[in-house]
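I have placed the structure first, in the form of structure tokens, so that the comments after it can refer back to it.
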Amino acid sequence: MPDPSVSTAASTVTVLAADYFRGYSVVGLLALLGVLFVAVAFGASRLLRPDVPTAEKLLTYECGVDPVGEGWAHTQVRYYVYSFLYVIFAVDSIFLFPWATVFAADGYGAVTLVEMFVFLGFLAVGLLYAYKKGVLTWT
């Protein structure tokens, strides 16, 4: 005579697997609908827009200035340094708020304090680099 607990366990596994895959089928359906929506939008745009290419329309356009000369231009290095400083301060602010929340929790004080000083040390090295490069002075 078969054991009834085995059939119950098998049916429970089948139900759990069905629920598991049902969740993924919803995600897959939403992804398919999203791709279909974008494809329909691009297709409708292609069908409805006027297509009259001219030599002037095919020119490279940037900031309202007609392109003159070659396409190679030098970029100022200071913009990279400004972006570097932005990353330093953005990462600082993103990391400080969760740290303050964890620091207030019981049992995490000493560990999180050491981690924050290590992090602030890295920020100090970045700021020292910017100071040595003269980025922090007004001109």
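Chain labels A, B, ... are given in the sequence in which chains occur in the structure tokens; within each chain residues are numbered consecutively from 1, and ligands are likewise numbered from 1 in the order shown.
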- Query: What lies within 12 Å of Phe89 in chain A using only C-alpha atoms, ignoring chain neighbours under 3 positions off, as a list in words?
  - Reply: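 Everything that qualifies: Tyr82, Ser83, Phe84, Leu85, Tyr86, Asp92, Ser93, Ile94, Phe95, Leu96, Phe119, Leu120, Phe122, Leu123, Ala124, Gly126 and Leu127 of chain A.
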Please produce a file of those selected residues containing all heavy atoms, as a tab-separated table (two decimals), in the first residue's frame.
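File result_18.tsv, as written:
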chain	number	residue	atom	x	y	z
A	82	TYR	N	37.00	67.90	-12.32
A	82	TYR	CA	35.73	68.29	-11.70
A	82	TYR	C	34.82	67.08	-11.54
A	82	TYR	O	34.15	66.93	-10.52
A	82	TYR	CB	35.02	69.35	-12.55
A	82	TYR	CG	35.71	70.69	-12.55
A	82	TYR	CD1	35.69	71.48	-13.68
A	82	TYR	CD2	36.38	71.16	-11.43
A	82	TYR	CE1	36.31	72.71	-13.70
A	82	TYR	CE2	37.02	72.38	-11.44
A	82	TYR	CZ	36.98	73.15	-12.58
A	82	TYR	OH	37.59	74.36	-12.60
A	83	SER	N	34.79	66.22	-12.53
A	83	SER	CA	33.96	65.02	-12.40
A	83	SER	C	34.51	64.10	-11.31
A	83	SER	O	33.75	63.46	-10.59
A	83	SER	CB	33.85	64.28	-13.74
A	83	SER	OG	35.10	63.78	-14.12
A	84	PHE	N	35.82	64.05	-11.18
A	84	PHE	CA	36.44	63.26	-10.12
A	84	PHE	C	36.02	63.79	-8.75
A	84	PHE	O	35.66	63.02	-7.86
A	84	PHE	CB	37.96	63.31	-10.30
A	84	PHE	CG	38.73	62.56	-9.27
A	84	PHE	CD1	38.65	61.18	-9.19
A	84	PHE	CD2	39.55	63.23	-8.38
A	84	PHE	CE1	39.38	60.49	-8.24
A	84	PHE	CE2	40.27	62.54	-7.43
A	84	PHE	CZ	40.19	61.17	-7.36
A	85	LEU	N	36.03	65.10	-8.60
A	85	LEU	CA	35.60	65.69	-7.33
A	85	LEU	C	34.12	65.43	-7.07
A	85	LEU	O	33.72	65.15	-5.94
A	85	LEU	CB	35.86	67.20	-7.34
A	85	LEU	CG	37.31	67.61	-7.16
A	85	LEU	CD1	37.46	69.10	-7.32
A	85	LEU	CD2	37.81	67.17	-5.81
A	86	TYR	N	33.31	65.49	-8.11
A	86	TYR	CA	31.89	65.20	-7.94
A	86	TYR	C	31.70	63.77	-7.45
A	86	TYR	O	30.89	63.52	-6.55
A	86	TYR	CB	31.13	65.41	-9.25
A	86	TYR	CG	29.72	64.90	-9.14
A	86	TYR	CD1	28.76	65.61	-8.43
A	86	TYR	CD2	29.36	63.68	-9.71
A	86	TYR	CE1	27.47	65.12	-8.31
A	86	TYR	CE2	28.07	63.19	-9.59
A	86	TYR	CZ	27.14	63.92	-8.89
A	86	TYR	OH	25.88	63.44	-8.76
A	92	ASP	N	30.52	60.00	-1.11
A	92	ASP	CA	30.56	60.34	0.30
A	92	ASP	C	29.14	60.46	0.86
A	92	ASP	O	28.81	59.85	1.86
A	92	ASP	CB	31.33	61.64	0.49
A	92	ASP	CG	31.43	62.05	1.94
A	92	ASP	OD1	31.37	61.17	2.81
A	92	ASP	OD2	31.59	63.26	2.20
A	93	SER	N	28.31	61.22	0.19
A	93	SER	CA	26.95	61.43	0.70
A	93	SER	C	26.11	60.16	0.62
A	93	SER	O	25.28	59.90	1.48
A	93	SER	CB	26.26	62.57	-0.05
A	93	SER	OG	26.11	62.21	-1.40
A	94	ILE	N	26.33	59.34	-0.41
A	94	ILE	CA	25.56	58.10	-0.54
A	94	ILE	C	25.94	57.12	0.56
A	94	ILE	O	25.10	56.38	1.06
A	94	ILE	CB	25.80	57.47	-1.93
A	94	ILE	CG1	25.09	58.30	-2.98
A	94	ILE	CG2	25.32	56.05	-1.99
A	94	ILE	CD1	25.44	57.88	-4.40
A	95	PHE	N	27.19	57.13	0.98
A	95	PHE	CA	27.65	56.17	1.97
A	95	PHE	C	27.39	56.63	3.41
A	95	PHE	O	27.21	55.82	4.30
A	95	PHE	CB	29.14	55.90	1.78
A	95	PHE	CG	29.65	54.73	2.54
A	95	PHE	CD1	29.25	53.44	2.23
A	95	PHE	CD2	30.54	54.90	3.59
A	95	PHE	CE1	29.73	52.35	2.94
A	95	PHE	CE2	31.03	53.82	4.30
A	95	PHE	CZ	30.62	52.55	3.97
A	96	LEU	N	27.36	57.94	3.64
A	96	LEU	CA	27.23	58.44	5.00
A	96	LEU	C	25.84	58.22	5.60
A	96	LEU	O	25.72	57.92	6.78
A	96	LEU	CB	27.57	59.93	5.06
A	96	LEU	CG	29.05	60.24	5.10
A	96	LEU	CD1	29.27	61.74	5.04
A	96	LEU	CD2	29.70	59.69	6.34
A	119	PHE	N	36.98	54.77	5.15
A	119	PHE	CA	36.35	55.44	4.01
A	119	PHE	C	36.72	56.91	3.95
A	119	PHE	O	37.06	57.45	2.89
A	119	PHE	CB	34.84	55.26	4.10
A	119	PHE	CG	34.09	55.93	2.98
A	119	PHE	CD1	34.15	55.42	1.70
A	119	PHE	CD2	33.35	57.07	3.22
A	119	PHE	CE1	33.47	56.02	0.66
A	119	PHE	CE2	32.66	57.68	2.19
A	119	PHE	CZ	32.73	57.16	0.91
A	120	LEU	N	36.66	57.58	5.08
A	120	LEU	CA	37.04	59.00	5.11
A	120	LEU	C	38.51	59.18	4.78
A	120	LEU	O	38.91	60.21	4.22
A	120	LEU	CB	36.69	59.60	6.47
A	120	LEU	CG	35.20	59.75	6.75
A	120	LEU	CD1	34.98	60.26	8.18
A	120	LEU	CD2	34.54	60.66	5.75
A	122	PHE	N	40.13	57.38	2.52
A	122	PHE	CA	40.17	57.37	1.06
A	122	PHE	C	39.69	58.70	0.48
A	122	PHE	O	40.26	59.21	-0.48
A	122	PHE	CB	39.30	56.23	0.50
A	122	PHE	CG	39.95	54.89	0.58
A	122	PHE	CD1	39.36	53.88	1.31
A	122	PHE	CD2	41.15	54.65	-0.06
A	122	PHE	CE1	39.96	52.64	1.39
A	122	PHE	CE2	41.76	53.41	0.02
A	122	PHE	CZ	41.16	52.40	0.75
A	123	LEU	N	38.65	59.28	1.08
A	123	LEU	CA	38.18	60.58	0.62
A	123	LEU	C	39.23	61.66	0.85
A	123	LEU	O	39.42	62.55	0.02
A	123	LEU	CB	36.89	60.96	1.34
A	123	LEU	CG	35.64	60.21	0.93
A	123	LEU	CD1	34.46	60.66	1.77
A	123	LEU	CD2	35.36	60.43	-0.53
A	124	ALA	N	39.92	61.57	1.96
A	124	ALA	CA	40.97	62.55	2.25
A	124	ALA	C	42.09	62.46	1.23
A	124	ALA	O	42.64	63.47	0.79
A	124	ALA	CB	41.50	62.35	3.67
A	126	GLY	N	41.72	61.52	-1.88
A	126	GLY	CA	41.18	62.14	-3.10
A	126	GLY	C	41.19	63.66	-3.01
A	126	GLY	O	41.55	64.35	-3.98
A	127	LEU	N	40.81	64.19	-1.87
A	127	LEU	CA	40.83	65.65	-1.71
A	127	LEU	C	42.26	66.20	-1.69
A	127	LEU	O	42.52	67.28	-2.20
A	127	LEU	CB	40.10	66.03	-0.43
A	127	LEU	CG	38.59	65.94	-0.50
A	127	LEU	CD1	37.97	66.20	0.86
A	127	LEU	CD2	38.05	66.92	-1.52
- Item | Members of range 12-129 of chain A assigned alpha helix (DSSP H) by DSSP, as JSON, numbers by chain | {"A": [12, 13, 14, 15, 16, 17, 18, 19, 20, 21, 22, 23, 24, 25, 26, 27, 28, 29, 30, 31, 32, 33, 34, 35, 36, 37, 38, 39, 40, 41, 42, 43, 44, 45, 46, 47, 48, 78, 79, 80, 81, 82, 83, 84, 85, 86, 87, 88, 89, 90, 91, 92, 93, 94, 95, 96, 97, 98, 99, 100, 101, 102, 103, 104, 109, 110, 111, 112, 113, 114, 115, 116, 117, 118, 119, 120, 121, 122, 123, 124, 125, 126, 127, 128, 129]}
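As for CA of Val35 in chain A and CA of Gly23 in chain A, they are spaced 18.9 Å apart.
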